[in-house]
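What follows is the content of structure08.tsv (TSV, C-alpha atoms and all ligand atoms).
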```tsv
chain	number	residue	atom	x	y	z
A	8	MET	CA	-104.98	-54.55	-80.96
A	9	LYS	CA	-107.94	-52.91	-82.70
A	10	GLU	CA	-108.02	-55.56	-85.42
A	11	GLN	CA	-107.86	-58.45	-82.96
A	12	LEU	CA	-110.64	-56.87	-80.95
A	13	ALA	CA	-112.81	-56.30	-84.01
A	14	GLU	CA	-112.27	-59.92	-85.03
A	15	VAL	CA	-113.49	-61.18	-81.64
A	16	LEU	CA	-116.47	-58.85	-81.51
A	17	ASP	CA	-117.46	-59.71	-85.10
A	18	SER	CA	-117.68	-63.37	-84.14
A	19	TYR	CA	-120.19	-62.46	-81.41
A	20	LYS	CA	-122.55	-60.37	-83.51
A	21	GLY	CA	-126.10	-61.16	-82.50
A	22	GLU	CA	-125.00	-62.62	-79.17
A	23	ARG	CA	-125.14	-59.56	-77.03
A	24	GLY	CA	-125.56	-61.43	-73.77
A	25	ALA	CA	-122.27	-63.29	-74.12
A	26	VAL	CA	-120.18	-61.06	-71.82
A	27	ILE	CA	-118.00	-63.76	-70.24
A	28	PRO	CA	-117.18	-65.66	-73.47
A	29	ILE	CA	-116.36	-62.35	-75.17
A	30	LEU	CA	-114.04	-61.29	-72.34
A	31	GLN	CA	-112.42	-64.74	-72.34
A	32	LYS	CA	-111.81	-64.54	-76.07
A	33	VAL	CA	-110.40	-61.01	-75.84
A	34	GLN	CA	-108.06	-62.08	-73.04
A	35	GLU	CA	-107.01	-65.14	-75.05
A	36	LYS	CA	-106.07	-62.86	-77.97
A	37	LEU	CA	-104.46	-59.99	-76.05
A	38	GLY	CA	-103.23	-61.74	-72.92
A	39	TYR	CA	-105.22	-59.37	-70.69
A	40	LEU	CA	-108.12	-56.92	-70.75
A	41	PRO	CA	-106.72	-53.47	-71.45
A	42	GLU	CA	-108.90	-50.42	-70.76
A	43	GLU	CA	-109.43	-49.86	-74.46
A	44	ALA	CA	-110.75	-53.42	-74.89
A	45	VAL	CA	-113.17	-53.04	-71.97
A	46	LYS	CA	-114.40	-49.80	-73.55
A	47	GLU	CA	-114.96	-51.54	-76.90
A	48	VAL	CA	-116.72	-54.53	-75.34
A	49	ALA	CA	-119.00	-52.16	-73.41
A	50	ARG	CA	-119.82	-50.28	-76.59
A	51	PHE	CA	-120.47	-53.55	-78.44
A	52	LEU	CA	-122.79	-54.81	-75.70
A	53	ARG	CA	-124.42	-51.39	-75.37
A	54	THR	CA	-123.64	-51.09	-71.72
A	55	SER	CA	-121.24	-49.11	-69.56
A	56	GLU	CA	-117.59	-49.87	-68.82
A	57	SER	CA	-118.40	-50.06	-65.12
A	58	VAL	CA	-120.86	-52.90	-65.81
A	59	ILE	CA	-118.16	-54.79	-67.71
A	60	TYR	CA	-115.57	-54.15	-64.98
A	61	GLY	CA	-118.13	-55.22	-62.37
A	62	ILE	CA	-118.57	-58.55	-64.11
A	63	ALA	CA	-114.91	-59.09	-65.02
A	64	THR	CA	-113.52	-58.31	-61.57
A	65	PHE	CA	-115.83	-60.93	-60.09
A	66	TYR	CA	-113.87	-63.65	-61.89
A	67	ALA	CA	-110.27	-64.30	-60.90
A	68	GLN	CA	-109.47	-65.47	-64.43
A	69	PHE	CA	-109.45	-61.94	-65.86
A	70	ARG	CA	-106.45	-59.69	-65.65
A	71	PHE	CA	-106.27	-56.00	-66.39
A	72	THR	CA	-102.56	-55.48	-66.68
A	73	ARG	CA	-100.26	-56.71	-69.39
A	74	PRO	CA	-98.71	-60.02	-68.32
A	75	GLY	CA	-95.02	-60.79	-68.57
A	76	GLU	CA	-93.63	-63.12	-71.21
A	77	HIS	CA	-93.19	-65.75	-68.46
A	78	GLN	CA	-95.50	-66.28	-65.52
A	79	LEU	CA	-94.02	-67.42	-62.26
A	80	LYS	CA	-96.59	-68.74	-59.83
A	81	VAL	CA	-95.59	-69.52	-56.29
A	82	CYS	CA	-97.81	-71.74	-54.18
A	83	LEU	CA	-98.71	-70.47	-50.74
A	84	GLY	CA	-101.19	-73.20	-49.88
A	85	THR	CA	-100.92	-74.97	-46.52
A	86	ALA	CA	-98.45	-77.69	-47.50
A	87	CYS	CA	-96.22	-75.26	-49.37
A	88	HIS	CA	-96.51	-72.65	-46.62
A	89	VAL	CA	-95.42	-75.17	-43.98
A	90	ARG	CA	-92.41	-76.10	-46.11
A	91	GLY	CA	-91.21	-72.56	-46.73
A	92	GLY	CA	-93.45	-71.21	-49.48
A	93	GLU	CA	-93.18	-67.69	-48.04
A	94	LEU	CA	-89.42	-67.81	-48.39
A	95	ILE	CA	-89.82	-68.87	-52.01
A	96	MET	CA	-92.20	-65.98	-52.61
A	97	ASP	CA	-89.91	-63.50	-50.82
A	98	THR	CA	-86.99	-64.62	-52.96
A	99	ALA	CA	-89.03	-64.37	-56.17
A	100	GLN	CA	-90.21	-60.87	-55.18
A	101	ARG	CA	-86.69	-59.75	-54.39
A	102	GLU	CA	-85.20	-61.25	-57.55
A	103	LEU	CA	-87.87	-59.80	-59.82
A	104	GLY	CA	-88.44	-56.57	-57.91
A	105	VAL	CA	-92.22	-56.94	-58.04
A	106	GLU	CA	-95.04	-57.80	-55.67
A	107	PRO	CA	-97.40	-60.73	-56.31
A	108	GLY	CA	-99.73	-59.66	-59.11
A	109	GLY	CA	-96.99	-57.51	-60.61
A	110	THR	CA	-95.00	-57.61	-63.83
A	111	THR	CA	-91.38	-56.64	-64.27
A	112	SER	CA	-90.79	-53.34	-66.10
A	113	ASP	CA	-89.30	-55.20	-69.07
A	114	TYR	CA	-92.45	-57.39	-69.26
A	115	LYS	CA	-90.31	-60.49	-68.98
A	116	PHE	CA	-91.95	-61.96	-65.85
A	117	SER	CA	-95.22	-61.76	-63.98
A	118	LEU	CA	-95.43	-63.01	-60.43
A	119	GLU	CA	-98.51	-64.57	-58.89
A	120	ARG	CA	-99.45	-66.41	-55.75
A	121	VAL	CA	-101.54	-69.55	-55.97
A	122	ALA	CA	-103.51	-71.29	-53.22
A	123	CYS	CA	-102.66	-74.87	-54.25
A	124	PHE	CA	-101.49	-76.56	-57.43
A	125	GLY	CA	-102.78	-79.92	-56.27
A	126	CYS	CA	-99.32	-81.47	-56.02
A	127	CYS	CA	-98.70	-80.84	-52.31
A	128	ALA	CA	-96.31	-83.79	-51.97
A	129	LEU	CA	-93.84	-81.78	-54.04
A	130	ALA	CA	-94.00	-78.74	-51.72
A	131	PRO	CA	-92.86	-76.07	-51.85
A	132	VAL	CA	-93.94	-75.71	-55.45
A	133	ALA	CA	-93.46	-73.01	-58.07
A	134	VAL	CA	-94.69	-73.13	-61.63
A	135	ILE	CA	-93.19	-71.14	-64.43
A	136	ASP	CA	-95.40	-71.03	-67.50
A	137	LYS	CA	-96.61	-74.63	-67.43
A	138	THR	CA	-93.60	-76.32	-65.88
A	139	VAL	CA	-93.86	-77.48	-62.28
A	140	HIS	CA	-90.76	-77.06	-60.09
A	141	SER	CA	-90.80	-79.10	-56.93
A	142	ARG	CA	-89.13	-78.75	-53.53
A	143	MET	CA	-88.08	-75.22	-54.26
A	144	SER	CA	-85.48	-73.35	-52.28
A	145	PRO	CA	-84.32	-69.73	-52.54
A	146	SER	CA	-81.25	-70.81	-54.53
A	147	LYS	CA	-83.42	-72.86	-56.91
A	148	VAL	CA	-85.60	-69.81	-57.49
A	149	LYS	CA	-82.53	-67.78	-58.46
A	150	GLN	CA	-81.24	-70.54	-60.75
A	151	LEU	CA	-84.63	-70.92	-62.34
A	152	LEU	CA	-84.98	-67.20	-63.08
A	153	ASP	CA	-81.39	-66.99	-64.29
A	154	SER	CA	-82.09	-69.77	-66.77
A	155	TYR	CA	-84.63	-67.47	-68.51
A	156	HIS	CA	-82.14	-64.62	-69.03
B	201	LIG	S1	-100.27	-76.46	-51.09
B	201	LIG	FE1	-98.82	-76.09	-52.65
B	201	LIG	S2	-99.31	-77.59	-54.12
B	201	LIG	FE2	-100.80	-77.87	-52.60
```

Turn this file's structure into structure tokens for me.
Ligand code: FES
Amino acid sequence: MKEQLAEVLDSYKGERGAVIPILQKVQEKLGYLPEEAVKEVARFLRTSESVIYGIATFYAQFRFTRPGEHQLKVCLGTACHVRGGELIMDTAQRELGVEPGGTTSDYKFSLERVACFGCCALAPVAVIDKTVHSRMSPSKVKQLLDSYH
């Protein structure tokens, strides 16, 4: 991790105001912003960790926990909610044993809730990695997760 971090920070030498691009690049390399990375970025930008956390937590794009190998996102927007999105989420939570925002202990899956994927006609929708799964049902959630084991 140290080398990847140094590589990112080296490419931003002389651009000390570039907090967001630096954090984006670090997250791109590491998959998330671990405490150690935030500490290094703060040192590089000659500011405090709390300033970096203050900025990073403002943006939903940054995550501070290690993501799973696969990311399951369940839509809970209006169209999906009306068509049983909560049931899809409940099933995913039960199957994976994690809450939304959580990652399984084997780091295989992360679970997230999403407000709308923009494909409401396919509701209820779940996306795993970049693949959209339409008209989900609890049994489809189980099949889907089983197919990754
Ligand atoms: S509400 Fe789920 S895709 Fe739009």

Report task. Give as a ChimeraX atom specification the residues surrounding ligand LIG 201 (chain B) up to a distance of 7 Å, considering all atoms listed in the file. Result -> /A:82-88,122-127,129-132

Report summary line: Among A:Lys147, A:Arg142, A:Arg73, A:Lys80, Asp113 of chain A is approached most closely, using only C-alpha atoms, by A:Arg73

Query raised in the report: Neighbours of Gly109 of chain A within 10 Å (only C-alpha atoms; same-chain residues fewer than 3 positions away dropped), as a VMD selection string?
Result: chain A and resid 72 to 75 100 103 to 106 112 114 116 to 119

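Residues with any atom within 7 Å of segment 96-99 of chain A, counting all atoms listed in the file and excluding same-chain neighbours fewer than 6 positions away, are Val81, Pro145 and Val148 of chain A.
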
Query - Interatomic distance (Å, one decimal) between atom CA of Val58 of chain A and atom CA of Gln34 of chain A - result: 17.3 Å

Query - 10 Å contact set for Leu16 of chain A, only C-alpha atoms, chain neighbours under 2 positions out, as a list in words - result: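 Selected residues are Glu10, Gln11, Leu12, Ala13, Glu14, Ser18, Tyr19, Lys20, Gly21, Glu22, Arg23, Ile29, Leu30, Lys32, Val33, Glu47, Val48, Phe51 and Leu52 of chain A.
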
Report task. Point out the residue among A:Ala133, A:Leu79, A:Ile59, A:Leu94 with the least atom-to-atom distance to Thr110 of chain A, counting all atoms listed in the file. Result -> A:Leu79

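Closest approach to Tyr66 of chain A among A:Leu151, A:Ile27, A:Ala49, A:Thr54: A:Ile27, based on all atoms listed in the file.
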
Query raised in the report: When you draw a straight line from atom CA of Val15 of chain A to atom CA of Ala44 of chain A, how long is it in Å?
Result: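 That distance, rounded to one decimal, is 10.6 Å.
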
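When atom CA of Glu56 of chain A is paired with atom CA of Glu42 of chain A, their separation reads 8.9 Å.
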
Report summary line: Between A:Ala67, A:Val45, A:Ile135, A:Met8, smallest distance to Tyr155 of chain A by only C-alpha atoms belongs to A:Ile135

Requested in this report: Rank nothing, just name the residue among A:Ser154, A:Thr138, A:Gln68, A:Ser144 nearest to Ile95 of chain A, using all atoms listed in the file.
Outcome: A:Ser144

Write a file for segment 134-147 of chain A, containing all heavy atoms (output as a PDB file, in the first residue's frame).
```pdb
ATOM      1  N   VAL A 134     -27.831  -4.438  -8.779  1.00  0.00           N
ATOM      2  CA  VAL A 134     -26.668  -4.434  -9.667  1.00  0.00           C
ATOM      3  C   VAL A 134     -25.525  -5.092  -8.920  1.00  0.00           C
ATOM      4  O   VAL A 134     -25.249  -4.743  -7.766  1.00  0.00           O
ATOM      5  CB  VAL A 134     -26.290  -2.984 -10.065  1.00  0.00           C
ATOM      6  CG1 VAL A 134     -24.957  -2.960 -10.812  1.00  0.00           C
ATOM      7  CG2 VAL A 134     -27.385  -2.367 -10.940  1.00  0.00           C
ATOM      8  N   ILE A 135     -24.921  -6.053  -9.561  1.00  0.00           N
ATOM      9  CA  ILE A 135     -23.733  -6.640  -8.941  1.00  0.00           C
ATOM     10  C   ILE A 135     -22.559  -6.329  -9.847  1.00  0.00           C
ATOM     11  O   ILE A 135     -22.624  -6.569 -11.051  1.00  0.00           O
ATOM     12  CB  ILE A 135     -23.898  -8.150  -8.635  1.00  0.00           C
ATOM     13  CG1 ILE A 135     -22.807  -8.616  -7.689  1.00  0.00           C
ATOM     14  CG2 ILE A 135     -23.920  -8.998  -9.870  1.00  0.00           C
ATOM     15  CD1 ILE A 135     -23.163  -9.835  -6.871  1.00  0.00           C
ATOM     16  N   ASP A 136     -21.546  -5.701  -9.261  1.00  0.00           N
ATOM     17  CA  ASP A 136     -20.441  -5.114 -10.013  1.00  0.00           C
ATOM     18  C   ASP A 136     -21.055  -4.180 -11.058  1.00  0.00           C
ATOM     19  O   ASP A 136     -21.684  -3.230 -10.688  1.00  0.00           O
ATOM     20  CB  ASP A 136     -19.523  -6.209 -10.550  1.00  0.00           C
ATOM     21  CG  ASP A 136     -18.932  -7.024  -9.376  1.00  0.00           C
ATOM     22  OD1 ASP A 136     -18.769  -6.440  -8.289  1.00  0.00           O
ATOM     23  OD2 ASP A 136     -18.699  -8.224  -9.520  1.00  0.00           O
ATOM     24  N   LYS A 137     -20.994  -4.510 -12.342  1.00  0.00           N
ATOM     25  CA  LYS A 137     -21.603  -3.576 -13.297  1.00  0.00           C
ATOM     26  C   LYS A 137     -22.784  -4.200 -14.037  1.00  0.00           C
ATOM     27  O   LYS A 137     -23.292  -3.655 -15.011  1.00  0.00           O
ATOM     28  CB  LYS A 137     -20.543  -3.097 -14.299  1.00  0.00           C
ATOM     29  CG  LYS A 137     -19.562  -2.132 -13.646  1.00  0.00           C
ATOM     30  CD  LYS A 137     -18.681  -1.476 -14.674  1.00  0.00           C
ATOM     31  CE  LYS A 137     -17.965  -0.268 -14.157  1.00  0.00           C
ATOM     32  NZ  LYS A 137     -16.990  -0.423 -13.139  1.00  0.00           N
ATOM     33  N   THR A 138     -23.212  -5.360 -13.571  1.00  0.00           N
ATOM     34  CA  THR A 138     -24.296  -6.048 -14.267  1.00  0.00           C
ATOM     35  C   THR A 138     -25.643  -5.768 -13.606  1.00  0.00           C
ATOM     36  O   THR A 138     -25.803  -5.983 -12.400  1.00  0.00           O
ATOM     37  CB  THR A 138     -24.035  -7.578 -14.273  1.00  0.00           C
ATOM     38  OG1 THR A 138     -22.710  -7.789 -14.737  1.00  0.00           O
ATOM     39  CG2 THR A 138     -25.007  -8.303 -15.177  1.00  0.00           C
ATOM     40  N   VAL A 139     -26.583  -5.309 -14.429  1.00  0.00           N
ATOM     41  CA  VAL A 139     -27.920  -4.971 -13.929  1.00  0.00           C
ATOM     42  C   VAL A 139     -28.791  -6.229 -13.925  1.00  0.00           C
ATOM     43  O   VAL A 139     -28.828  -6.977 -14.915  1.00  0.00           O
ATOM     44  CB  VAL A 139     -28.574  -3.901 -14.837  1.00  0.00           C
ATOM     45  CG1 VAL A 139     -30.007  -3.614 -14.393  1.00  0.00           C
ATOM     46  CG2 VAL A 139     -27.738  -2.625 -14.828  1.00  0.00           C
ATOM     47  N   HIS A 140     -29.475  -6.463 -12.811  1.00  0.00           N
ATOM     48  CA  HIS A 140     -30.406  -7.591 -12.720  1.00  0.00           C
ATOM     49  C   HIS A 140     -31.797  -7.028 -12.484  1.00  0.00           C
ATOM     50  O   HIS A 140     -32.023  -6.320 -11.501  1.00  0.00           O
ATOM     51  CB  HIS A 140     -29.988  -8.548 -11.598  1.00  0.00           C
ATOM     52  CG  HIS A 140     -28.662  -9.188 -11.873  1.00  0.00           C
ATOM     53  ND1 HIS A 140     -28.546 -10.363 -12.579  1.00  0.00           N
ATOM     54  CD2 HIS A 140     -27.416  -8.766 -11.594  1.00  0.00           C
ATOM     55  CE1 HIS A 140     -27.252 -10.660 -12.704  1.00  0.00           C
ATOM     56  NE2 HIS A 140     -26.559  -9.710 -12.112  1.00  0.00           N
ATOM     57  N   SER A 141     -32.680  -7.331 -13.406  1.00  0.00           N
ATOM     58  CA  SER A 141     -34.012  -6.728 -13.370  1.00  0.00           C
ATOM     59  C   SER A 141     -35.036  -7.640 -12.713  1.00  0.00           C
ATOM     60  O   SER A 141     -34.822  -8.843 -12.565  1.00  0.00           O
ATOM     61  CB  SER A 141     -34.455  -6.416 -14.796  1.00  0.00           C
ATOM     62  OG  SER A 141     -34.485  -7.613 -15.541  1.00  0.00           O
ATOM     63  N   ARG A 142     -36.161  -7.014 -12.331  1.00  0.00           N
ATOM     64  CA  ARG A 142     -37.306  -7.713 -11.738  1.00  0.00           C
ATOM     65  C   ARG A 142     -36.852  -8.770 -10.738  1.00  0.00           C
ATOM     66  O   ARG A 142     -37.157  -9.958 -10.854  1.00  0.00           O
ATOM     67  CB  ARG A 142     -38.161  -8.322 -12.844  1.00  0.00           C
ATOM     68  CG  ARG A 142     -38.690  -7.225 -13.740  1.00  0.00           C
ATOM     69  CD  ARG A 142     -39.764  -7.609 -14.682  1.00  0.00           C
ATOM     70  NE  ARG A 142     -40.141  -6.438 -15.445  1.00  0.00           N
ATOM     71  CZ  ARG A 142     -39.557  -6.021 -16.559  1.00  0.00           C
ATOM     72  NH1 ARG A 142     -38.572  -6.723 -17.080  1.00  0.00           N
ATOM     73  NH2 ARG A 142     -39.946  -4.918 -17.166  1.00  0.00           N
ATOM     74  N   MET A 143     -36.102  -8.301  -9.778  1.00  0.00           N
ATOM     75  CA  MET A 143     -35.547  -9.212  -8.772  1.00  0.00           C
ATOM     76  C   MET A 143     -36.628  -9.758  -7.847  1.00  0.00           C
ATOM     77  O   MET A 143     -37.674  -9.129  -7.647  1.00  0.00           O
ATOM     78  CB  MET A 143     -34.494  -8.479  -7.938  1.00  0.00           C
ATOM     79  CG  MET A 143     -33.226  -8.167  -8.693  1.00  0.00           C
ATOM     80  SD  MET A 143     -32.429  -9.629  -9.357  1.00  0.00           S
ATOM     81  CE  MET A 143     -31.597 -10.257  -7.909  1.00  0.00           C
ATOM     82  N   SER A 144     -36.330 -10.910  -7.309  1.00  0.00           N
ATOM     83  CA  SER A 144     -37.193 -11.529  -6.301  1.00  0.00           C
ATOM     84  C   SER A 144     -36.246 -12.123  -5.264  1.00  0.00           C
ATOM     85  O   SER A 144     -35.046 -12.287  -5.552  1.00  0.00           O
ATOM     86  CB  SER A 144     -38.023 -12.651  -6.945  1.00  0.00           C
ATOM     87  OG  SER A 144     -37.142 -13.666  -7.389  1.00  0.00           O
ATOM     88  N   PRO A 145     -36.740 -12.458  -4.085  1.00  0.00           N
ATOM     89  CA  PRO A 145     -35.845 -13.057  -3.086  1.00  0.00           C
ATOM     90  C   PRO A 145     -35.118 -14.295  -3.633  1.00  0.00           C
ATOM     91  O   PRO A 145     -33.917 -14.451  -3.412  1.00  0.00           O
ATOM     92  CB  PRO A 145     -36.787 -13.412  -1.943  1.00  0.00           C
ATOM     93  CG  PRO A 145     -37.853 -12.368  -2.036  1.00  0.00           C
ATOM     94  CD  PRO A 145     -38.065 -12.164  -3.506  1.00  0.00           C
ATOM     95  N   SER A 146     -35.830 -15.141  -4.384  1.00  0.00           N
ATOM     96  CA  SER A 146     -35.141 -16.343  -4.881  1.00  0.00           C
ATOM     97  C   SER A 146     -34.079 -15.991  -5.925  1.00  0.00           C
ATOM     98  O   SER A 146     -33.029 -16.634  -6.000  1.00  0.00           O
ATOM     99  CB  SER A 146     -36.146 -17.351  -5.432  1.00  0.00           C
ATOM    100  OG  SER A 146     -36.848 -16.787  -6.500  1.00  0.00           O
ATOM    101  N   LYS A 147     -34.324 -14.929  -6.702  1.00  0.00           N
ATOM    102  CA  LYS A 147     -33.301 -14.508  -7.678  1.00  0.00           C
ATOM    103  C   LYS A 147     -32.061 -13.954  -6.975  1.00  0.00           C
ATOM    104  O   LYS A 147     -30.947 -14.115  -7.461  1.00  0.00           O
ATOM    105  CB  LYS A 147     -33.877 -13.467  -8.644  1.00  0.00           C
ATOM    106  CG  LYS A 147     -34.718 -14.083  -9.766  1.00  0.00           C
ATOM    107  CD  LYS A 147     -35.426 -13.005 -10.533  1.00  0.00           C
ATOM    108  CE  LYS A 147     -34.888 -12.850 -11.936  1.00  0.00           C
ATOM    109  NZ  LYS A 147     -35.662 -11.858 -12.717  1.00  0.00           N
TER     110      LYS A 147
END
```
